[in-house]
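Peer 1: Got a file for you: model.tsv, TSV, C-alpha atoms.
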```tsv
chain	number	residue	atom	x	y	z
A	138	MET	CA	15.40	-22.06	9.76
A	139	PRO	CA	16.14	-22.02	6.03
A	140	ARG	CA	17.48	-18.96	4.22
A	141	TRP	CA	16.26	-19.21	0.65
A	142	GLY	CA	18.54	-18.07	-2.14
A	143	MET	CA	19.50	-18.54	-5.75
A	144	VAL	CA	22.66	-19.01	-7.79
A	145	ILE	CA	22.63	-18.22	-11.53
A	146	ASP	CA	25.47	-19.52	-13.69
A	147	LEU	CA	25.93	-16.95	-16.46
A	148	ASP	CA	28.07	-19.41	-18.44
A	149	ARG	CA	25.08	-21.68	-18.77
A	150	CYS	CA	22.55	-18.98	-19.63
A	151	THR	CA	21.75	-18.92	-23.34
A	152	GLY	CA	19.31	-16.04	-23.07
A	153	CYS	CA	16.44	-18.20	-24.28
A	154	GLY	CA	13.90	-16.44	-22.06
A	155	ALA	CA	12.23	-19.61	-20.77
A	156	CYS	CA	12.58	-18.38	-17.18
A	157	GLU	CA	10.92	-15.10	-18.03
A	158	THR	CA	7.97	-16.77	-19.76
A	159	ALA	CA	7.57	-19.43	-17.08
A	160	CYS	CA	7.55	-16.73	-14.42
A	161	LYS	CA	4.89	-14.70	-16.17
A	162	SER	CA	2.60	-17.63	-16.58
A	163	GLU	CA	3.20	-19.02	-13.08
A	164	ASN	CA	2.56	-15.70	-11.37
A	165	ASN	CA	-0.31	-14.29	-13.44
A	166	VAL	CA	1.78	-11.32	-14.53
A	167	ALA	CA	-0.41	-9.07	-16.64
A	168	THR	CA	0.57	-7.62	-20.00
A	169	VAL	CA	0.44	-3.95	-20.99
A	170	SER	CA	0.15	-2.38	-24.42
A	171	SER	CA	3.41	-1.79	-26.29
A	172	ASP	CA	3.25	2.00	-25.98
A	173	GLN	CA	2.89	1.65	-22.20
A	174	ALA	CA	5.76	-0.84	-22.21
A	175	ASP	CA	7.84	1.82	-23.96
A	176	LEU	CA	7.11	4.10	-21.00
A	177	GLY	CA	8.63	1.47	-18.72
A	178	ARG	CA	5.34	0.19	-17.38
A	179	ALA	CA	5.75	-3.46	-18.33
A	180	THR	CA	6.16	-5.98	-15.54
A	181	ALA	CA	8.58	-8.90	-15.54
A	182	TRP	CA	9.36	-10.42	-12.15
A	183	MET	CA	12.17	-12.23	-13.91
A	184	ARG	CA	13.82	-10.41	-16.81
A	185	VAL	CA	16.72	-11.52	-18.99
A	186	MET	CA	18.92	-8.45	-19.32
A	187	THR	CA	21.05	-8.34	-22.46
A	188	GLU	CA	24.25	-6.52	-23.28
A	189	VAL	CA	26.55	-6.51	-26.29
A	190	GLU	CA	30.19	-6.68	-25.30
A	191	GLY	CA	33.15	-5.70	-27.52
A	192	GLU	CA	33.49	-3.89	-30.85
A	193	PHE	CA	31.92	-5.18	-34.06
A	194	PRO	CA	32.68	-7.69	-35.45
A	195	ASN	CA	34.28	-9.11	-32.31
A	196	THR	CA	31.18	-8.97	-30.16
A	197	THR	CA	29.70	-11.27	-27.53
A	198	MET	CA	26.16	-11.20	-26.28
A	199	ARG	CA	25.88	-11.25	-22.48
A	200	PHE	CA	22.74	-12.34	-20.68
A	201	MET	CA	21.76	-11.82	-17.09
A	202	PRO	CA	18.47	-13.15	-15.72
A	203	ARG	CA	17.34	-10.74	-13.02
A	204	PRO	CA	14.73	-11.65	-10.38
A	205	CYS	CA	14.18	-9.87	-7.05
A	206	MET	CA	17.42	-10.23	-5.08
A	207	HIS	CA	15.58	-10.89	-1.78
A	208	CYS	CA	18.20	-8.79	-0.01
A	209	ASP	CA	18.99	-9.66	3.59
A	210	ASN	CA	19.16	-5.92	4.13
A	211	PRO	CA	16.39	-4.78	1.78
A	212	PRO	CA	16.21	-1.02	1.06
A	213	CYS	CA	12.59	-1.39	-0.09
A	214	VAL	CA	11.48	-2.62	3.34
A	215	LYS	CA	13.04	0.35	5.12
A	216	VAL	CA	10.99	2.88	3.17
A	217	CYS	CA	7.59	1.19	3.19
A	218	PRO	CA	5.37	3.39	5.35
A	219	VAL	CA	2.76	0.67	5.99
A	220	ALA	CA	4.83	-2.52	6.36
A	221	ALA	CA	3.32	-4.01	3.22
A	222	THR	CA	6.77	-5.21	2.22
A	223	TYR	CA	8.92	-6.95	4.81
A	224	ILE	CA	11.50	-9.69	5.12
A	225	ASN	CA	10.44	-12.89	6.85
A	226	ASP	CA	12.48	-15.21	9.03
A	227	GLU	CA	13.43	-17.32	6.02
A	228	GLY	CA	14.74	-14.38	4.05
A	229	ILE	CA	11.87	-14.03	1.60
A	230	VAL	CA	11.00	-10.42	0.95
A	231	GLY	CA	7.21	-10.48	0.91
A	232	GLN	CA	4.79	-8.07	-0.69
A	233	ILE	CA	1.34	-8.10	0.91
A	234	TYR	CA	-0.90	-6.69	-1.79
A	235	PRO	CA	-4.00	-5.82	0.27
A	236	ARG	CA	-1.75	-3.86	2.63
A	237	CYS	CA	0.06	-1.93	-0.15
A	238	ILE	CA	-1.05	1.67	-0.68
A	239	GLY	CA	0.80	2.11	-3.97
A	240	CYS	CA	3.09	4.96	-2.85
A	241	ARG	CA	5.95	3.41	-4.87
A	242	TYR	CA	8.64	4.42	-2.36
A	243	CYS	CA	9.89	0.84	-2.44
A	244	ALA	CA	10.13	0.77	-6.23
A	245	ASN	CA	12.29	3.87	-6.09
A	246	ALA	CA	14.40	2.59	-3.23
A	247	CYS	CA	15.22	-0.68	-4.97
A	248	PRO	CA	18.66	-0.40	-6.59
A	249	TYR	CA	17.89	-3.41	-8.80
A	250	THR	CA	14.61	-1.92	-10.12
A	251	VAL	CA	12.73	-5.16	-9.63
A	252	LYS	CA	9.61	-3.78	-8.00
A	253	TYR	CA	6.78	-3.04	-10.38
A	254	PHE	CA	3.76	-0.82	-10.05
A	255	ASN	CA	0.40	-1.85	-11.48
A	256	TRP	CA	-0.57	1.15	-13.56
A	257	PHE	CA	-3.65	-0.58	-14.91
A	258	ALA	CA	-6.24	-3.14	-13.98
A	259	PRO	CA	-4.68	-6.49	-14.96
A	260	GLU	CA	-5.29	-7.67	-18.51
A	261	TRP	CA	-4.37	-10.71	-20.57
A	262	PRO	CA	-4.85	-11.78	-24.15
A	263	GLU	CA	-8.15	-13.68	-24.49
A	264	SER	CA	-6.35	-16.98	-25.09
A	265	GLU	CA	-4.55	-16.79	-21.74
A	266	ARG	CA	-7.38	-15.74	-19.50
A	267	ALA	CA	-8.57	-19.27	-18.85
A	268	HIS	CA	-5.10	-20.34	-17.76
A	269	LEU	CA	-4.49	-18.12	-14.76
A	270	ASN	CA	-2.77	-19.89	-11.89
A	271	PRO	CA	-5.26	-20.27	-9.02
A	272	ASP	CA	-2.41	-20.50	-6.49
A	273	VAL	CA	-1.40	-16.89	-7.09
A	274	SER	CA	-3.77	-13.96	-6.63
A	275	VAL	CA	-4.32	-11.42	-9.37
A	276	ARG	CA	-3.00	-8.06	-8.24
A	277	PRO	CA	-5.31	-5.08	-8.55
A	278	LYS	CA	-4.43	-1.75	-10.11
A	279	GLY	CA	-2.44	0.52	-7.83
A	280	VAL	CA	-0.23	-1.89	-5.89
A	281	ILE	CA	3.42	-2.90	-6.18
A	282	GLU	CA	4.34	-6.46	-7.10
A	283	LYS	CA	7.55	-8.41	-7.52
A	284	CYS	CA	9.20	-11.82	-7.58
A	285	THR	CA	8.30	-13.84	-4.48
A	286	PHE	CA	10.65	-16.78	-5.09
A	287	CYS	CA	7.30	-18.45	-5.94
A	288	HIS	CA	6.54	-18.71	-2.24
A	289	HIS	CA	3.08	-20.12	-3.05
A	290	ARG	CA	5.03	-23.21	-4.07
A	291	LEU	CA	6.56	-23.24	-0.60
A	292	GLN	CA	3.10	-23.06	1.01
A	293	LYS	CA	2.10	-26.21	-0.87
A	294	ALA	CA	5.42	-28.00	-0.55
A	295	ARG	CA	5.48	-27.48	3.19
A	296	GLU	CA	1.94	-28.78	3.48
A	297	ASP	CA	2.75	-31.87	1.40
A	298	ALA	CA	5.78	-32.59	3.56
A	299	ARG	CA	3.69	-32.15	6.71
A	300	ALA	CA	0.98	-34.47	5.37
A	301	GLU	CA	3.58	-37.11	4.63
A	302	GLY	CA	5.20	-36.54	8.02
A	303	ARG	CA	8.66	-35.73	6.70
A	304	GLU	CA	11.08	-32.83	6.38
A	305	LEU	CA	11.01	-30.49	3.39
A	306	ARG	CA	13.49	-31.62	0.71
A	307	GLU	CA	15.50	-29.46	-1.68
A	308	ALA	CA	13.53	-30.66	-4.71
A	309	ASP	CA	10.14	-29.98	-3.06
A	310	TYR	CA	10.42	-26.23	-3.36
A	311	GLN	CA	11.79	-24.83	-6.61
A	312	PRO	CA	10.55	-21.62	-8.28
A	313	ALA	CA	9.04	-21.78	-11.77
A	314	CYS	CA	12.07	-20.16	-13.45
A	315	VAL	CA	14.34	-22.87	-12.09
A	316	ASP	CA	12.04	-25.63	-13.34
A	317	ALA	CA	11.87	-24.02	-16.78
A	318	CYS	CA	15.58	-23.38	-17.38
A	319	PRO	CA	16.69	-25.88	-20.06
A	320	THR	CA	20.40	-25.60	-19.22
A	321	GLY	CA	20.15	-25.77	-15.44
A	322	ALA	CA	21.66	-22.31	-15.11
A	323	ILE	CA	19.47	-21.39	-12.13
A	324	VAL	CA	19.90	-23.25	-8.85
A	325	PHE	CA	17.69	-22.63	-5.84
A	326	GLY	CA	17.67	-23.75	-2.23
A	327	ASP	CA	18.66	-23.06	1.37
A	328	LEU	CA	21.89	-21.06	1.43
A	329	ASP	CA	22.63	-22.23	4.98
A	330	ASP	CA	22.04	-25.95	4.43
A	331	PRO	CA	25.25	-27.70	3.36
A	332	GLN	CA	23.12	-30.41	1.71
A	333	HIS	CA	21.74	-27.87	-0.76
A	334	ARG	CA	23.69	-27.08	-3.92
A	335	VAL	CA	23.39	-23.30	-3.49
A	336	ALA	CA	25.26	-23.48	-0.17
A	337	GLU	CA	28.32	-24.72	-2.02
A	338	LEU	CA	27.90	-22.70	-5.23
A	339	LYS	CA	27.78	-19.40	-3.38
A	340	HIS	CA	31.41	-20.00	-2.36
A	341	ASP	CA	32.50	-20.72	-5.96
A	342	ALA	CA	35.44	-18.64	-7.15
A	343	ARG	CA	33.20	-17.11	-9.83
A	344	ALA	CA	30.43	-16.12	-7.41
A	345	MET	CA	29.47	-12.46	-7.10
A	346	ARG	CA	26.42	-10.42	-6.20
A	347	LEU	CA	25.09	-7.29	-7.83
A	348	MET	CA	26.07	-3.94	-6.29
A	349	GLU	CA	27.57	-5.64	-3.28
A	350	ASP	CA	29.09	-2.34	-2.15
A	351	LEU	CA	25.61	-1.03	-1.26
A	352	GLY	CA	25.41	-3.46	1.63
A	353	THR	CA	22.05	-4.83	0.55
A	354	GLU	CA	23.25	-8.42	1.01
A	355	PRO	CA	21.35	-9.92	-1.95
A	356	LYS	CA	20.50	-13.64	-1.81
A	357	VAL	CA	20.81	-14.04	-5.57
A	358	TYR	CA	24.37	-14.94	-6.57
A	359	TYR	CA	25.80	-14.96	-10.09
A	360	LEU	CA	28.61	-17.14	-11.35
A	361	THR	CA	30.50	-14.83	-13.70
A	362	PRO	CA	31.47	-16.07	-17.17
A	363	ARG	CA	34.85	-17.74	-17.40
A	364	ALA	CA	37.44	-15.90	-19.48
A	365	GLY	CA	37.22	-16.67	-23.19
A	366	THR	CA	33.53	-17.60	-23.17
B	231	MET	CA	-29.94	22.79	-13.73
B	232	THR	CA	-27.41	24.52	-11.49
B	233	VAL	CA	-30.04	26.94	-10.21
B	234	ARG	CA	-32.43	24.14	-9.32
B	235	TRP	CA	-29.70	22.20	-7.59
B	236	SER	CA	-28.66	25.10	-5.36
B	237	ALA	CA	-32.28	25.84	-4.51
B	238	LEU	CA	-32.85	22.22	-3.69
B	239	ARG	CA	-29.73	22.12	-1.62
B	240	SER	CA	-30.55	25.13	0.46
B	241	ARG	CA	-34.07	23.81	1.01
B	242	ALA	CA	-32.87	20.34	1.91
B	243	VAL	CA	-30.12	21.54	4.17
B	244	GLY	CA	-32.34	24.20	5.68
B	245	ALA	CA	-35.07	21.68	6.37
B	246	PHE	CA	-32.62	19.24	7.85
B	247	THR	CA	-30.80	21.61	10.15
B	248	GLY	CA	-33.34	24.35	10.64
B	249	LEU	CA	-30.44	26.77	10.13
B	250	ARG	CA	-31.71	28.73	7.13
B	251	GLY	CA	-30.03	31.88	8.35
B	252	ALA	CA	-26.66	30.38	9.19
B	253	GLY	CA	-25.29	30.29	5.66
B	254	TRP	CA	-21.77	29.50	6.79
B	255	LEU	CA	-22.97	26.23	8.24
B	256	ARG	CA	-24.65	24.95	5.09
B	257	GLY	CA	-21.60	23.68	3.22
B	258	PRO	CA	-20.17	21.72	6.13
B	259	THR	CA	-23.60	20.37	7.11
B	260	LEU	CA	-24.25	19.12	3.60
B	261	LEU	CA	-20.83	17.48	3.63
B	262	GLY	CA	-21.64	15.88	6.97
B	263	LEU	CA	-24.93	14.60	5.60
B	264	LEU	CA	-23.22	13.14	2.54
B	265	ALA	CA	-20.60	11.52	4.77
B	266	LEU	CA	-23.37	9.95	6.83
B	267	VAL	CA	-25.09	8.58	3.72
B	268	ALA	CA	-21.74	7.27	2.47
B	269	LEU	CA	-21.11	5.58	5.82
B	270	VAL	CA	-24.51	3.86	5.75
B	271	VAL	CA	-23.89	2.68	2.18
B	272	VAL	CA	-20.46	1.33	3.11
B	273	VAL	CA	-21.78	-0.47	6.18
B	274	LEU	CA	-24.64	-2.03	4.19
B	275	ALA	CA	-22.34	-3.03	1.34
B	276	SER	CA	-19.76	-4.58	3.65
B	277	ARG	CA	-22.35	-6.96	5.07
B	278	SER	CA	-22.23	-10.10	3.01
B	279	ARG	CA	-25.08	-10.63	0.57
B	280	PRO	CA	-27.51	-13.37	1.51
B	281	VAL	CA	-26.63	-16.65	-0.23
B	282	ALA	CA	-29.48	-18.57	-1.89
B	283	GLN	CA	-29.39	-22.35	-2.55
B	284	PRO	CA	-31.26	-24.38	-5.20
B	285	VAL	CA	-32.88	-26.68	-2.61
B	286	ALA	CA	-33.47	-26.46	1.15
B	287	PHE	CA	-30.81	-28.97	2.13
B	288	ASN	CA	-31.00	-30.35	5.65
B	289	HIS	CA	-27.68	-31.15	7.36
B	290	VAL	CA	-29.26	-32.73	10.44
B	291	LYS	CA	-31.18	-35.26	8.42
B	292	HIS	CA	-28.19	-36.35	6.38
B	293	THR	CA	-25.37	-36.16	8.93
B	294	GLN	CA	-27.19	-37.23	12.08
B	295	ASP	CA	-30.21	-39.32	11.04
B	296	LEU	CA	-28.45	-40.91	8.04
B	297	GLU	CA	-24.96	-40.68	9.59
B	298	LEU	CA	-23.24	-39.61	6.39
B	299	GLY	CA	-19.68	-38.37	6.92
B	300	CYS	CA	-18.90	-34.79	5.95
B	301	GLU	CA	-16.49	-35.99	3.26
B	302	PHE	CA	-19.33	-37.88	1.53
B	303	CYS	CA	-20.48	-34.53	0.14
B	304	HIS	CA	-17.46	-32.27	0.81
B	305	GLN	CA	-15.14	-34.64	-0.93
B	306	ASN	CA	-11.78	-32.89	-0.68
B	307	VAL	CA	-12.04	-31.75	2.89
B	308	ASN	CA	-9.30	-34.12	4.08
B	309	THR	CA	-7.11	-34.10	1.01
B	310	GLY	CA	-7.36	-30.69	-0.66
B	311	ALA	CA	-7.30	-26.98	-0.06
B	312	ARG	CA	-11.00	-26.56	-0.85
B	313	ALA	CA	-13.57	-28.81	0.74
B	314	GLY	CA	-15.88	-28.70	-2.29
B	315	LEU	CA	-19.66	-28.70	-2.50
B	316	PRO	CA	-21.81	-31.62	-3.71
B	317	ASN	CA	-23.77	-31.59	-6.96
B	318	ALA	CA	-26.58	-33.53	-8.64
B	319	GLU	CA	-24.35	-36.57	-9.04
B	320	THR	CA	-23.78	-36.86	-5.26
B	321	CYS	CA	-27.47	-36.48	-4.44
B	322	SER	CA	-28.55	-38.89	-7.20
B	323	ALA	CA	-27.02	-41.77	-5.29
B	324	CYS	CA	-30.18	-41.70	-3.17
B	325	HIS	CA	-32.62	-39.13	-4.52
B	326	GLN	CA	-33.09	-40.68	-7.94
B	327	GLU	CA	-35.80	-42.50	-6.05
B	328	GLN	CA	-38.18	-40.77	-3.73
B	329	GLN	CA	-36.76	-40.46	-0.15
B	330	GLY	CA	-39.16	-39.85	2.70
B	331	ASN	CA	-42.23	-37.83	1.84
B	332	SER	CA	-41.43	-34.20	2.57
B	333	ALA	CA	-42.30	-31.74	-0.19
B	334	GLU	CA	-38.66	-30.65	-0.48
B	335	ALA	CA	-37.45	-34.23	-0.96
B	336	VAL	CA	-40.06	-34.66	-3.71
B	337	ARG	CA	-38.73	-31.50	-5.35
B	338	VAL	CA	-35.15	-32.82	-5.25
B	339	THR	CA	-36.19	-35.98	-7.08
B	340	THR	CA	-38.11	-33.94	-9.65
B	341	LEU	CA	-35.20	-31.58	-10.22
B	342	LEU	CA	-32.80	-34.49	-10.64
B	343	ALA	CA	-35.14	-36.17	-13.13
B	344	LYS	CA	-35.16	-32.94	-15.13
B	345	GLY	CA	-31.36	-32.99	-15.23
B	346	ASP	CA	-30.88	-29.96	-12.96
B	347	PRO	CA	-27.16	-29.75	-12.01
B	348	LEU	CA	-28.00	-28.59	-8.43
B	349	ARG	CA	-25.34	-25.94	-8.18
B	350	PHE	CA	-24.84	-24.99	-4.54
B	351	ASN	CA	-23.41	-21.59	-3.74
B	352	LYS	CA	-20.44	-20.93	-1.50
B	353	LEU	CA	-21.28	-19.47	1.89
B	354	PHE	CA	-17.91	-19.09	3.66
B	355	ARG	CA	-15.54	-17.23	1.43
B	356	LEU	CA	-12.06	-15.74	1.66
B	357	ALA	CA	-10.52	-13.18	-0.65
B	358	ASP	CA	-8.31	-14.87	-3.24
B	359	HIS	CA	-5.17	-13.26	-1.84
B	360	VAL	CA	-5.38	-15.69	1.08
B	361	TYR	CA	-4.14	-19.26	1.06
B	362	PHE	CA	-6.20	-21.56	3.23
B	363	ALA	CA	-6.05	-25.35	3.07
B	364	HIS	CA	-8.58	-27.69	4.68
B	365	ARG	CA	-6.09	-30.55	4.56
B	366	ARG	CA	-3.72	-28.69	6.87
B	367	HIS	CA	-6.43	-27.93	9.41
B	368	VAL	CA	-8.73	-30.96	9.17
B	369	GLU	CA	-6.43	-33.85	8.28
B	370	ILE	CA	-3.19	-32.66	9.88
B	371	ALA	CA	-4.24	-30.41	12.79
B	372	LYS	CA	-7.41	-32.49	13.47
B	373	LEU	CA	-9.57	-29.46	14.12
B	374	GLU	CA	-13.36	-29.79	14.33
B	375	CYS	CA	-15.37	-28.30	11.49
B	376	SER	CA	-17.41	-26.39	14.06
B	377	GLN	CA	-14.36	-24.45	15.27
B	378	CYS	CA	-14.52	-22.47	12.06
B	379	HIS	CA	-17.99	-23.16	10.66
B	380	GLY	CA	-20.04	-22.94	13.85
B	381	ALA	CA	-23.19	-25.02	14.08
B	382	ILE	CA	-23.52	-25.74	10.34
B	383	ALA	CA	-23.87	-29.50	10.96
B	384	THR	CA	-27.02	-28.91	12.98
B	385	THR	CA	-28.80	-26.68	10.46
B	386	ARG	CA	-32.09	-27.91	9.00
B	387	ARG	CA	-32.13	-25.28	6.29
B	388	PRO	CA	-29.22	-23.67	4.41
B	389	PRO	CA	-28.07	-20.55	6.25
B	390	SER	CA	-28.12	-17.45	4.07
B	391	ARG	CA	-25.11	-15.92	5.85
B	392	PRO	CA	-21.92	-17.50	7.25
B	393	LEU	CA	-22.50	-18.59	10.84
B	394	THR	CA	-19.08	-17.35	11.94
B	395	ARG	CA	-16.98	-14.43	10.83
B	396	VAL	CA	-13.85	-15.86	9.26
B	397	ASN	CA	-11.34	-13.05	8.91
B	398	MET	CA	-7.68	-12.45	9.61
B	399	LYS	CA	-8.22	-11.80	13.31
B	400	PHE	CA	-9.99	-15.13	13.60
B	401	CYS	CA	-7.14	-17.02	11.91
B	402	LEU	CA	-4.47	-15.21	13.91
B	403	SER	CA	-6.11	-15.69	17.30
B	404	CYS	CA	-5.98	-19.46	16.90
B	405	HIS	CA	-2.53	-19.43	15.33
B	406	GLN	CA	-1.21	-17.39	18.24
B	407	ALA	CA	-2.89	-19.61	20.81
B	408	LYS	CA	-1.51	-22.74	19.15
B	409	LYS	CA	1.91	-21.25	18.40
B	410	GLN	CA	1.47	-21.53	14.63
B	411	SER	CA	2.76	-19.27	11.91
B	412	VAL	CA	1.77	-15.61	11.95
B	413	ASP	CA	4.05	-14.77	9.04
B	414	CYS	CA	2.23	-12.73	6.38
B	415	VAL	CA	3.41	-14.85	3.45
B	416	ALA	CA	2.28	-18.07	5.13
B	417	CYS	CA	-1.30	-17.01	4.44
B	418	HIS	CA	-1.05	-14.30	1.78
B	419	ARG	CA	-0.15	-14.96	-1.83
```
Write the structure described by the file as C-alpha cells, please.

Peer 2:
Amino acid sequence: MPRWGMVIDLDRCTGCGACETACKSENNVATVSSDQADLGRATAWMRVMTEVEGEFPNTTMRFMPRPCMHCDNPPCVKVCPVAATYINDEGIVGQIYPRCIGCRYCANACPYTVKYFNWFAPEWPESERAHLNPDVSVRPKGVIEKCTFCHHRLQKAREDARAEGRELREADYQPACVDACPTGAIVFGDLDDPQHRVAELKHDARAMRLMEDLGTEPKVYYLTPRAGT
Amino acid sequence: MTVRWSALRSRAVGAFTGLRGAGWLRGPTLLGLLALVALVVVVLASRSRPVAQPVAFNHVKHTQDLELGCEFCHQNVNTGARAGLPNAETCSACHQEQQGNSAEAVRVTTLLAKGDPLRFNKLFRLADHVYFAHRRHVEIAKLECSQCHGAIATTRRPPSRPLTRVNMKFCLSCHQAKKQSVDCVACHR
C-alpha cells in the first residue's frame, strides 16, 4: 500500500509561481474579484508564500510553496461532522464535495489554512471557460475544497497500469505542480517505497515539516535552505 | 393584496380541513399542505426527464439481425472512459442508400441527405463529480453491458428513461461483492 507524499526543496524554489498556476488550471480553481480576495476569499490549492528576511539592504526573499499537507493525523478529519473529509488507506486526505455541508469546521481546524470555502458560484474569465479540465469536477458554492495531490491523475494512472497489466510506476502519477516546476524543486511519490526519490529525500539532513510539534504528521516535507543561500 | 391573501388562505385552509372554527390549527395545516406540495414537486423533479432521440433507432435490428458489435457505434467503450454515441457519419456507412423499406429507415436516409448531424442524447448519466471508466469495466473486468444497462441491446425503439438505476448503491453493491475499491476518492473527483 503506497503512502503518497511530497518533498519540496526550498533551495531550488525561485518563487516563479508555475506550480500555483498549473494547479489552478489543472483543478478548475475558480477566481474571485479582487475585493473578495482582499477579504481572504481567494482559493489557491497551492500557494507560494513569500517572506523578506533580513534588514534592508541586506535582504533575502524566501519562498515556500504550500499545498495541503495530507497529514497522517489530520485535524480537519476529526472535526468533520459528516465524514465528507477523511484520510484513505494511501494517505490522501479526500474531500467529497457532494457530502460536504459547508460548515467550515475543517477550514478552521487546519493549522496550515489550506482548506478553502466556496463563497460564490464558480466563475472564470471568459477566455478560460472553454479550457476547464473534464477530469476534475467544478465545485458548487457552499462547499470546502483543497489540494487532492491531483488524485484524479492517480485514477487514470492506475487504470492505464491495469490495462497494460503492470505495476504503477513512480513517473505514472505526478501532480500538476510537480510537472510544472521548472527547477525540479517539488518531488512526489510513495514515502514508503525505497525506489521512490521521496523515500530517501525525507531523511535528508535538511528535511523538516511544518508545525511538527502539533503532531499532525504532515506528508509534505521541506528541505530547508542551506546556510548562505 | 395582504387582505386578499389572508382571506384566500382562510378559505382555502377552511375548505381543505373543514376546521373553520379551529383557528389555532390553520397555520400548521397550511404549512403541512405546503410541505406536501413541496414533496410532490421534489419527487416529480427527481425523476429523470424523458430523453428524446432524433430517430427511432432499433438495437435489435442492428446488433442481432446485422450482427454489428457494440463498439461499431459506441467507439470508445473498450478504450476510453466514455463509450460515446454514434452520429451521422457512423450511420452514413449504410444509410446513405436506402436500407430495407420501413418508414423510419427512409427518414434516416432523407435526414442524412439533408446533412442532419443526427445528435443522439445521453440516456444513462452520472453527476460529473463521479469518475467512471468503461475501459476498466468492459475491457479489463470483462463485465457484460447488460449488467449495468439492462436490456438495452434488445430494444426496438430508444428508451426514454434509463432501464436501470445507476447510482452509488448500485456501484458499491458490485464492488463489495467483487472485493473492489469502496474508497470515496476512487470514484469521486

Peer 1: Provide as an MDAnalysis selection string the residues of chain B at most 6 Å from chain A, counting only C-alpha atoms.

Peer 2: chainID B and resid 358:359 419

Peer 1: What does the structure give for the distance between atom CA of Ile382 of chain B and atom CA of Ala363 of chain B, in Å to one decimal?

Peer 2: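 Straight-line distance from atom CA of Ile382 of chain B to atom CA of Ala363 of chain B works out to 18.9 Å.
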
Peer 1: Residues within 9 Å of Pro347 of chain B, please, as a list in words. Count only C-alpha atoms; anything in the same chain fewer than 2 positions from it doesn't count.

Peer 2: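 Returned residues: Asn317, Ala318, Glu319, Leu341, Leu342, Gly345 and Arg349 of chain B.
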
Peer 1: For the selection you just gave me, I'd like the residues written to a file as an mmCIF file, keeping the file's coordinate frame, keeping C-alpha atoms.

Peer 2:
```cif
data_model
loop_
_atom_site.group_PDB
_atom_site.id
_atom_site.type_symbol
_atom_site.label_atom_id
_atom_site.label_comp_id
_atom_site.auth_asym_id
_atom_site.auth_seq_id
_atom_site.Cartn_x
_atom_site.Cartn_y
_atom_site.Cartn_z
ATOM 1 C CA ASN B 317 -23.770 -31.590 -6.960
ATOM 2 C CA ALA B 318 -26.580 -33.530 -8.640
ATOM 3 C CA GLU B 319 -24.350 -36.570 -9.040
ATOM 4 C CA LEU B 341 -35.200 -31.580 -10.220
ATOM 5 C CA LEU B 342 -32.800 -34.490 -10.640
ATOM 6 C CA GLY B 345 -31.360 -32.990 -15.230
ATOM 7 C CA ARG B 349 -25.340 -25.940 -8.180
#
```

Peer 1: For Ala344 of chain A, which residue out of A:Arg266, A:Arg306, A:Pro218, A:Asp148 is the nearest one, using all atoms listed in the file?

Peer 2: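 Looking only at the distances to Ala344 of chain A, the closest residue turns out to be A:Asp148.
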
Peer 1: With 10 Å as the threshold, what does the neighbourhood of (26.0, -8.0, -6.7) contain in terms of residues, counting all atoms listed in the file? Coordinates are those of the file; answer as JSON, numbers by chain.

Peer 2: {"A": [206, 249, 344, 345, 346, 347, 348, 349, 350, 351, 352, 353, 354, 355, 356, 357, 358, 359]}

Peer 1: Find the spatial neighbours of Leu269 of chain A, counting all atoms listed in the file, within a cut-off of 8 Å - ignore same-chain residues fewer than 2 positions away - and output them as a list in words.

Peer 2: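 Contacts, in chain order: Ser162, Glu163, Asn165, Glu265, Arg266, Ala267 and Pro271 of chain A.
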
Peer 1: So which one's closest to Glu263 of chain A, A:Thr168, A:Met183, A:Pro362, A:Cys156? Using only C-alpha atoms, please.

Peer 2: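 Among A:Thr168, A:Met183, A:Pro362, A:Cys156, it is A:Thr168 that comes nearest to Glu263 of chain A.
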
Peer 1: Select, from B:Thr293, B:Ala286, B:Val307, B:Ala343, the residue with the minimum atom-to-atom distance to Leu373 of chain B, counting only C-alpha atoms.

Peer 2: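 Going through B:Thr293, B:Ala286, B:Val307, B:Ala343 one by one, the smallest distance to Leu373 of chain B is for B:Val307.
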